[in-house]
Amino acid sequence: MRFQPTLKVLSDDQIYRIHQAALQMLMDPGVLVKSEEARRLLAQAGAEVDEKTMICRIPGYIVEECLRKAPSAFTVYARDCANDVHVSTTSVHIEPMIGRLNCYDHASRQALPTTLKDVGDLIRIADAMPNYHLLHSGAIMPQIDGIPIRATHAYGYLESVRNSTKPVKATSREKIMAEDCLRMVAVVAGGEAELRRRPCTFTTDNPVAPLHHDRDQMEGALLYASYGIPIDVTSEPQAGATSPVTIAGLLAQQTADVISGITIIQLANPGNPVWYGTCGSIMDMRVGRIAIGAIEMGLINVASAQIAHFYDVPCRGTASATDSKELDFQAGYEKTSVMTMAVLGGVNKIFYPGTMEGAMTVSKEGLVLDNEIAGAIYRVLEGIDVVDNTLGVQLAQKVGPGGHYLNQRHTMQFIRQEQFMPLLADRQIRERWEAAGQKNMVAKAHDTVVKILAEHQVDPLPEGTEEELKRIVREIEKREEKRS
Amino acid sequence: MADAERIYEMMKKSIETYDSDAAVAAAEQAVAEGLDLVEAVEKGFANPIRELGEAFDRMEVFLPELTLGADAMKAGVAVLEKALNAQGGKLETKGIVVVGTVEGDIHDIGKSVVATLLQANGYQVYDLGVDVPSPRIIEAAESHNADIIAMSALLSTTMLYQRDVIELLKNKGVRDKYFVLVGGAPVTQAWADEIGADGFAHDAFEAVQLLDSVKEGWGK
């Protein structure tokens, strides 16, 4: 039996105290719930609901009962079932970021407005990267350059789903956008019944820290729950700004945000798959901005995984992000340190690879670079296998003092499983490196991007599906033109 | 005026220790001792808060210190202003600003820092809060007889409402009455130009610098 490396930052007693503090907050001051449907569900379950202030005070027993209904394992379906993702409290899957306002241009080293072509390219790169399993998409973007803003989700979803066979995320940001997306996902799934049986998407619901469930988001999330679609319920507190500055206080309030969201979703659809999610970090008080590459995020990710697992629910974390404006030392250091902690801490879904500049920007080269970091950390997660054959006593007897192991079958047999082979990090001698063009990792990542975009093939959508999706997109665009 | 200097020192100290109660006490003493209240505002509160703002800009103090220092200043200035008004006087102001985060957007922090620093720098500020519908921004500007409308948006979807406000101002035929300042994470100079705003600032300091530099242009 292999010993799996793990990292913990909270004792059992500390987890319990955080849980109790969260329950206390949910009773006093309570949580602001702007969705009427959600308030109705809470009132029906026995919460104290003030319709005028929209404040709901939720007793601990309701929350704990709902948390027990949330599954510890579930599947996120893909349009190619070989890419289905089996989520559990022990699995580790990675979700790169696709849709951001800006896309980094390697040649000019500038962040330029993301176009629809960028969305397709980013998705295709993520599709080709072996360490990415769940794909964020253009459907969640606030804006795509050159696309009518109110039809962004529809264009973004289509451009994403046609460029990958992995599970593609859809938006719950507004009820009407959620309806549009699910209509399109149903076409991809092969009809409404198939959408319920194999819903090939997932979404995020963001409570607004502190203690606030926005109407639009929650209505969207409840629509996803009506189909049993997995939802990561993720709070984004910034220590000192939208939560107490203390990490214990941040964790308590984040937990209140998240478990009240999970409670509402479980009341709407008992057993609906959810992640306990964190995008918690600190505000850098010198500049008044969230610091998304801060090492405190490492602590917060690990603690969040421990809290999620205390509830026996998978954890979504946020790592592989950076505040750097370039793919430089700062980016490498921030991404790797927080990512390592998140993986070793047992976070089950890790979101944000590919981002830079405080996640204002996403980068094609960044997706390739972050895939390599992920690969290295997956190797750490494999741990060290200690059995007779790996201890190699007999082998050492055979080779003897002063010999070497290069000509041994044992070496050949184990090399691939024992050692991670980086594709981008350079280990050559200087002369060879110079002869190969003195390329750093970013330059090599760019070469990989060019190669993937030229060569990587994605199974096309089934006959007629793309045409049907295009028809829906045009219909949505027309409807929105009328509305404005 | 040794007494005055002593009280200014108390006021300064209240800002440096972020102590609203001490600021109020010092202000009350200034009133009781019959000091020149306009001078008290300037020397007792405005100078130290500007120094605090500059220290923040140099990254020597942090946001909570700036916020709490500004709270102390506001508490003290409120006492002085009330007494001044009772005497029939009025505080000098560089300009009247209505500031708010636009409709659909609940992001508060950046907007509040802008409001704080403008106030610290001698502007009379009406903070309308967050998620403010476009017509309400204009109503507030009209009713407060404002010189400047400052709008924040953190989301690229909500920044469209900045244009909305400018269009509404035009429709009402009052566009020229106001200097319209826009800001927020996705907002750029190009966006400000596109929607016909008068100014754009990356942060609160730029906002103050910009308004100070165009003061002559307000038309009032």
# chains A, B, ... in the order shown; residues from 1 in each chain; ligands from 1
call {"tool": "interface_residues", "arguments": {"of": "chain B", "to": "chain A", "cutoff": "8 Å", "atoms": "only C-alpha atoms", "output": "list in words"}}
result
Phe56, Asp57, Met59, Glu60, Val61, Phe62, Leu63, Pro64, Ile109, Gly110, Leu155, Ser156 and Thr157 of chain B
call {"tool": "residues_around", "arguments": {"residues": "stretch 344-353 of chain A", "least_positions_apart": "6", "cutoff": "6 Å", "atoms": "only C-alpha atoms", "output": "list in words"}}
result
Thr6, Leu7, Ser91, Val92, His93, Ile94, Glu95, Pro96, Met97, Val302, Ala305, Pro314, Cys315, Arg316, Gly317, Thr318, Ala319, Ser320, Ala321 and Asp370 of chain A
call {"tool": "write_last_selection", "arguments": {"atoms": "C-alpha atoms", "output": "PDB file, in the first residue's frame"}}
result
ATOM      1  CA  THR A   6      -0.795  14.898   2.476  1.00  0.00           C
ATOM      2  CA  LEU A   7      -0.670  18.300   4.033  1.00  0.00           C
ATOM      3  CA  SER A  91      -9.566  12.623  -6.471  1.00  0.00           C
ATOM      4  CA  VAL A  92      -7.610  15.582  -7.890  1.00  0.00           C
ATOM      5  CA  HIS A  93      -8.805  17.184 -11.113  1.00  0.00           C
ATOM      6  CA  ILE A  94      -7.729  20.410 -12.709  1.00  0.00           C
ATOM      7  CA  GLU A  95      -9.865  23.044 -14.391  1.00  0.00           C
ATOM      8  CA  PRO A  96      -7.911  25.599 -16.412  1.00  0.00           C
ATOM      9  CA  MET A  97      -9.335  29.075 -16.896  1.00  0.00           C
ATOM     10  CA  VAL A 302      -5.570  23.284   2.392  1.00  0.00           C
ATOM     11  CA  ALA A 305     -10.135  20.922   1.703  1.00  0.00           C
ATOM     12  CA  PRO A 314     -15.397  17.318  -2.559  1.00  0.00           C
ATOM     13  CA  CYS A 315     -13.495  20.602  -2.438  1.00  0.00           C
ATOM     14  CA  ARG A 316     -12.957  23.104  -5.237  1.00  0.00           C
ATOM     15  CA  GLY A 317      -9.919  25.293  -4.712  1.00  0.00           C
ATOM     16  CA  THR A 318      -8.157  28.089  -6.548  1.00  0.00           C
ATOM     17  CA  ALA A 319      -4.477  27.799  -7.449  1.00  0.00           C
ATOM     18  CA  SER A 320      -1.991  28.258 -10.277  1.00  0.00           C
ATOM     19  CA  ALA A 321      -2.878  31.949 -10.349  1.00  0.00           C
ATOM     20  CA  ASP A 370       0.764  25.355 -15.926  1.00  0.00           C
TER      21      ASP A 370
END
call {"tool": "residues_around", "arguments": {"residues": "stretch 119-134 of chain B", "least_positions_apart": "5", "cutoff": "8 Å", "atoms": "only C-alpha atoms", "output": "list in words"}}
result
Ala46, Ile49, Arg50, Ala70, Met73, Glu92, Thr93, Lys94, Gly95, Ile96, Val97, Val98, Val99, Gly100, Thr101, Val102, Glu103, Gly104, Asp105, Ile106, His107, Asp108, Ser112, Tyr161, Asp164, Val165, Leu168 and Val208 of chain B
call {"tool": "closest_atom_pairs", "arguments": {"of": "stretch 119-224 of chain A", "to": "stretch 229-237 of chain A", "cutoff": "8 Å", "atoms": "only C-alpha atoms", "output": "CSV"}}
result
residue,atom,partner,partner_atom,distance
A:Pro199,CA,A:Ile229,CA,6.2
A:Thr201,CA,A:Ile229,CA,7.0
A:Phe202,CA,A:Pro230,CA,5.1
A:Thr203,CA,A:Ile231,CA,5.0
A:Thr204,CA,A:Asp232,CA,4.7
A:Asp205,CA,A:Val233,CA,4.8
A:Asn206,CA,A:Thr234,CA,5.0
A:Pro207,CA,A:Ser235,CA,5.4
A:Val208,CA,A:Ser235,CA,6.6
A:Ala209,CA,A:Pro237,CA,5.3
A:Pro210,CA,A:Pro237,CA,7.1
A:Ala221,CA,A:Ile231,CA,7.4
A:Tyr224,CA,A:Ile229,CA,5.4
call {"tool": "write_last_selection", "arguments": {"atoms": "N, CA and C atoms", "output": "mmCIF file, in the first residue's frame"}}
result
data_model
loop_
_atom_site.group_PDB
_atom_site.id
_atom_site.type_symbol
_atom_site.label_atom_id
_atom_site.label_comp_id
_atom_site.auth_asym_id
_atom_site.auth_seq_id
_atom_site.Cartn_x
_atom_site.Cartn_y
_atom_site.Cartn_z
ATOM 1 N N PRO A 199 -25.768 14.805 -17.900
ATOM 2 C CA PRO A 199 -25.604 16.252 -18.131
ATOM 3 C C PRO A 199 -24.131 16.580 -18.362
ATOM 4 N N THR A 201 -22.109 18.947 -18.483
ATOM 5 C CA THR A 201 -21.615 20.261 -18.113
ATOM 6 C C THR A 201 -21.578 20.367 -16.591
ATOM 7 N N PHE A 202 -21.104 21.510 -16.109
ATOM 8 C CA PHE A 202 -21.071 21.810 -14.676
ATOM 9 C C PHE A 202 -21.028 23.325 -14.561
ATOM 10 N N THR A 203 -21.221 23.841 -13.363
ATOM 11 C CA THR A 203 -21.222 25.289 -13.234
ATOM 12 C C THR A 203 -20.699 25.720 -11.866
ATOM 13 N N THR A 204 -20.578 27.040 -11.706
ATOM 14 C CA THR A 204 -20.143 27.620 -10.433
ATOM 15 C C THR A 204 -21.231 28.547 -9.924
ATOM 16 N N ASP A 205 -21.463 28.519 -8.618
ATOM 17 C CA ASP A 205 -22.320 29.518 -7.978
ATOM 18 C C ASP A 205 -21.451 30.279 -6.988
ATOM 19 N N ASN A 206 -21.396 31.595 -7.150
ATOM 20 C CA ASN A 206 -20.564 32.410 -6.257
ATOM 21 C C ASN A 206 -21.414 33.198 -5.266
ATOM 22 N N PRO A 207 -21.493 32.735 -4.014
ATOM 23 C CA PRO A 207 -22.055 33.631 -2.998
ATOM 24 C C PRO A 207 -21.172 34.878 -2.945
ATOM 25 N N VAL A 208 -21.772 36.010 -2.618
ATOM 26 C CA VAL A 208 -21.003 37.254 -2.556
ATOM 27 C C VAL A 208 -20.586 37.481 -1.101
ATOM 28 N N ALA A 209 -19.300 37.360 -0.839
ATOM 29 C CA ALA A 209 -18.827 37.562 0.527
ATOM 30 C C ALA A 209 -18.991 39.031 0.897
ATOM 31 N N PRO A 210 -19.461 39.352 2.102
ATOM 32 C CA PRO A 210 -19.881 38.423 3.147
ATOM 33 C C PRO A 210 -21.380 38.096 3.141
ATOM 34 N N ALA A 221 -28.356 29.029 -10.499
ATOM 35 C CA ALA A 221 -27.865 27.797 -9.868
ATOM 36 C C ALA A 221 -29.024 26.826 -9.617
ATOM 37 N N TYR A 224 -29.810 24.869 -12.663
ATOM 38 C CA TYR A 224 -28.864 23.759 -12.857
ATOM 39 C C TYR A 224 -29.209 22.609 -11.915
#
call {"tool": "closest_atom_pairs", "arguments": {"of": "stretch 51-123 of chain A", "to": "stretch 185-193 of chain B", "cutoff": "12 Å", "atoms": "only C-alpha atoms", "output": "tab-separated table"}}
result
residue	atom	partner	partner_atom	distance
A:Arg100	CA	B:Pro186	CA	11.4
A:Leu101	CA	B:Pro186	CA	8.4
A:Asn102	CA	B:Pro186	CA	10.0
A:Pro113	CA	B:Pro186	CA	10.8
call {"tool": "closest_residue", "arguments": {"among": "B:Ala30, B:Ala22, B:Ile15, B:Ala204", "to": "B:Ala115", "atoms": "only C-alpha atoms"}}
result
B:Ala204
call {"tool": "select_by_dssp", "arguments": {"residues": "stretch 296-473 of chain A", "states": "strand (DSSP E)", "output": "list in words"}}
result
Cys315, Arg316, Gly317, Thr318, Lys349, Ile350, Phe351, Thr355, Met356, Thr361, Val362 and Ser363 of chain A
call {"tool": "write_last_selection", "arguments": {"atoms": "N, CA and C atoms", "output": "CSV table (one decimal), in the first residue's frame"}}
result
chain,number,residue,atom,x,y,z
A,315,CYS,N,-13.9,19.2,-2.6
A,315,CYS,CA,-13.5,20.6,-2.4
A,315,CYS,C,-13.0,21.2,-3.8
A,316,ARG,N,-13.5,22.4,-4.1
A,316,ARG,CA,-13.0,23.1,-5.2
A,316,ARG,C,-12.1,24.2,-4.7
A,317,GLY,N,-10.8,24.3,-5.2
A,317,GLY,CA,-9.9,25.3,-4.7
A,317,GLY,C,-9.5,26.2,-5.9
A,318,THR,N,-8.6,27.1,-5.5
A,318,THR,CA,-8.2,28.1,-6.5
A,318,THR,C,-6.6,28.2,-6.4
A,349,LYS,N,-10.8,19.8,-6.9
A,349,LYS,CA,-10.9,20.4,-8.2
A,349,LYS,C,-10.1,21.7,-8.1
A,350,ILE,N,-9.1,21.9,-8.9
A,350,ILE,CA,-8.3,23.1,-8.8
A,350,ILE,C,-8.5,24.0,-10.0
A,351,PHE,N,-9.0,25.2,-9.8
A,351,PHE,CA,-9.3,26.1,-10.8
A,351,PHE,C,-8.3,27.2,-10.9
A,355,THR,N,-4.2,31.5,-16.0
A,355,THR,CA,-4.4,32.9,-15.7
A,355,THR,C,-3.1,33.6,-15.3
A,356,MET,N,-3.1,34.9,-15.4
A,356,MET,CA,-2.1,35.8,-15.0
A,356,MET,C,-2.7,37.2,-14.6
A,361,THR,N,-6.4,38.2,-17.0
A,361,THR,CA,-5.8,37.8,-18.3
A,361,THR,C,-5.6,36.3,-18.3
A,362,VAL,N,-5.8,35.7,-19.5
A,362,VAL,CA,-5.5,34.3,-19.6
A,362,VAL,C,-4.5,34.2,-20.8
A,363,SER,N,-3.6,33.1,-20.7
A,363,SER,CA,-2.6,33.0,-21.7
A,363,SER,C,-2.5,31.6,-22.3
call {"tool": "select_by_dssp", "arguments": {"residues": "stretch 34-146 of chain B", "states": "alpha helix (DSSP H)", "output": "VMD selection string"}}
result
chain B and resid 37 to 40 47 to 57 63 to 86 109 to 120 134 to 143
call {"tool": "atom_distance", "arguments": {"atom1": "atom CA of A:Ala268", "atom2": "atom CA of A:Val473"}}
result
29.2 Å
call {"tool": "closest_residue", "arguments": {"among": "A:Ala256, A:Ala178, A:Val338, A:Leu41", "to": "A:Leu223", "atoms": "only C-alpha atoms"}}
result
A:Ala178
call {"tool": "residues_around", "arguments": {"residues": "stretch 449-462 of chain A", "least_positions_apart": "3", "cutoff": "10 Å", "atoms": "only C-alpha atoms", "output": "number ranges by chain"}}
result
A: 79-80, 120-122, 124-129, 161-165, 188, 190, 364-368, 443-446, 465-467
call {"tool": "write_last_selection", "arguments": {"atoms": "N, CA and C atoms", "output": "compact mmCIF listing (two decimals), in the first residue's frame"}}
result
# COMPACT_ATOMS: atom_id res chain seq x y z
N ARG A 79 -18.86 15.05 -23.48
CA ARG A 79 -19.55 14.56 -24.69
C ARG A 79 -18.89 13.29 -25.22
N ASP A 80 -17.61 13.09 -24.90
CA ASP A 80 -16.96 11.80 -25.14
C ASP A 80 -16.82 11.12 -23.77
N GLY A 120 -11.66 29.65 -28.85
CA GLY A 120 -11.52 28.35 -29.51
C GLY A 120 -10.10 27.80 -29.36
N ASP A 121 -9.11 28.66 -29.55
CA ASP A 121 -7.71 28.23 -29.44
C ASP A 121 -7.38 27.78 -28.02
N LEU A 122 -7.82 28.58 -27.04
CA LEU A 122 -7.53 28.25 -25.63
C LEU A 122 -8.15 26.89 -25.27
N ARG A 124 -8.90 24.47 -27.31
CA ARG A 124 -8.22 23.39 -28.03
C ARG A 124 -6.90 23.03 -27.35
N ILE A 125 -6.20 24.04 -26.86
CA ILE A 125 -4.95 23.78 -26.13
C ILE A 125 -5.26 23.00 -24.86
N ALA A 126 -6.29 23.44 -24.12
CA ALA A 126 -6.66 22.75 -22.88
C ALA A 126 -7.11 21.31 -23.18
N ASP A 127 -7.77 21.13 -24.32
CA ASP A 127 -8.21 19.78 -24.72
C ASP A 127 -6.99 18.88 -24.92
N ALA A 128 -5.91 19.46 -25.45
CA ALA A 128 -4.72 18.66 -25.75
C ALA A 128 -3.86 18.39 -24.52
N MET A 129 -4.03 19.15 -23.46
CA MET A 129 -3.17 19.03 -22.28
C MET A 129 -3.65 17.90 -21.37
N VAL A 161 -17.56 24.22 -26.93
CA VAL A 161 -17.95 22.81 -26.99
C VAL A 161 -17.52 22.18 -28.32
N ARG A 162 -17.40 22.99 -29.36
CA ARG A 162 -16.97 22.40 -30.64
C ARG A 162 -15.47 22.15 -30.68
N ASN A 163 -14.74 22.70 -29.69
CA ASN A 163 -13.28 22.54 -29.68
C ASN A 163 -12.75 21.62 -28.59
N SER A 164 -13.64 20.92 -27.91
CA SER A 164 -13.16 19.95 -26.92
C SER A 164 -14.20 18.87 -26.66
N THR A 165 -13.72 17.69 -26.32
CA THR A 165 -14.64 16.60 -25.93
C THR A 165 -14.59 16.39 -24.42
N VAL A 188 -26.27 19.16 -27.31
CA VAL A 188 -25.02 18.39 -27.33
C VAL A 188 -25.24 17.02 -26.70
N GLY A 190 -27.93 15.33 -26.63
CA GLY A 190 -28.81 14.49 -27.43
C GLY A 190 -30.25 14.54 -26.95
N LYS A 364 -2.31 31.54 -23.58
CA LYS A 364 -2.18 30.24 -24.25
C LYS A 364 -0.92 29.54 -23.77
N GLU A 365 0.19 30.30 -23.76
CA GLU A 365 1.45 29.72 -23.28
C GLU A 365 1.32 29.33 -21.82
N GLY A 366 0.58 30.15 -21.06
CA GLY A 366 0.37 29.87 -19.64
C GLY A 366 -0.33 28.53 -19.43
N LEU A 367 -1.27 28.21 -20.30
CA LEU A 367 -1.96 26.91 -20.18
C LEU A 367 -0.96 25.76 -20.31
N VAL A 368 -0.02 25.92 -21.24
CA VAL A 368 0.97 24.86 -21.46
C VAL A 368 1.95 24.79 -20.28
N ALA A 443 9.27 30.49 -24.16
CA ALA A 443 9.48 30.35 -25.61
C ALA A 443 9.12 28.94 -26.06
N LYS A 444 9.52 27.96 -25.24
CA LYS A 444 9.19 26.58 -25.60
C LYS A 444 7.68 26.34 -25.53
N ALA A 445 7.04 26.96 -24.53
CA ALA A 445 5.59 26.82 -24.42
C ALA A 445 4.92 27.41 -25.66
N HIS A 446 5.49 28.51 -26.16
CA HIS A 446 4.91 29.11 -27.37
C HIS A 446 5.03 28.16 -28.56
N THR A 465 -25.53 18.79 -35.22
CA THR A 465 -25.53 19.43 -33.90
C THR A 465 -25.03 20.87 -33.97
N GLU A 466 -23.93 21.05 -34.69
CA GLU A 466 -23.36 22.39 -34.75
C GLU A 466 -24.32 23.36 -35.43
N GLU A 467 -25.01 22.89 -36.47
CA GLU A 467 -25.97 23.74 -37.19
C GLU A 467 -27.10 24.15 -36.23
call {"tool": "residues_around", "arguments": {"residues": "A:Ile415", "least_positions_apart": "5", "cutoff": "12 Å", "atoms": "only C-alpha atoms", "output": "VMD selection string"}}
result
chain A and resid 390 405 to 406 408 to 410 420 to 421
call {"tool": "atom_distance", "arguments": {"atom1": "atom CA of B:Leu52", "atom2": "atom CA of A:Ser243"}}
result
24.3 Å
call {"tool": "atom_distance", "arguments": {"atom1": "atom CA of B:Glu33", "atom2": "atom CA of B:Glu16"}}
result
22.9 Å
call {"tool": "closest_residue", "arguments": {"among": "A:Met27, A:Glu434, A:Gln417, A:Met297", "to": "A:Asp385", "atoms": "only C-alpha atoms"}}
result
A:Gln417
call {"tool": "residues_around", "arguments": {"residues": "A:Gly271", "least_positions_apart": "3", "cutoff": "9 Å", "atoms": "only C-alpha atoms", "output": "list in words"}}
result
Cys66, Arg68, Lys69, Ala70, Pro71, Gly228, Ile265, Gln266 and Val274 of chain A
call {"tool": "write_last_selection", "arguments": {"atoms": "C-alpha atoms", "output": "tab-separated table (two decimals), in the first residue's frame"}}
result
chain	number	residue	atom	x	y	z
A	66	CYS	CA	-28.55	19.23	3.95
A	68	ARG	CA	-25.42	15.00	4.72
A	69	LYS	CA	-27.50	14.81	1.52
A	70	ALA	CA	-24.65	16.15	-0.64
A	71	PRO	CA	-22.80	13.23	-2.28
A	228	GLY	CA	-28.92	17.49	-11.14
A	265	ILE	CA	-29.28	23.66	-3.45
A	266	GLN	CA	-29.90	20.49	-1.41
A	274	VAL	CA	-21.73	20.06	-5.18
call {"tool": "residues_around", "arguments": {"residues": "A:Thr114", "least_positions_apart": "2", "cutoff": "8 Å", "atoms": "only C-alpha atoms", "output": "list in words"}}
result
Gly99, Arg100, Leu101, Asn102, Cys103, Leu112, Leu116, Asp118, Val119, Ile144 and Asp145 of chain A
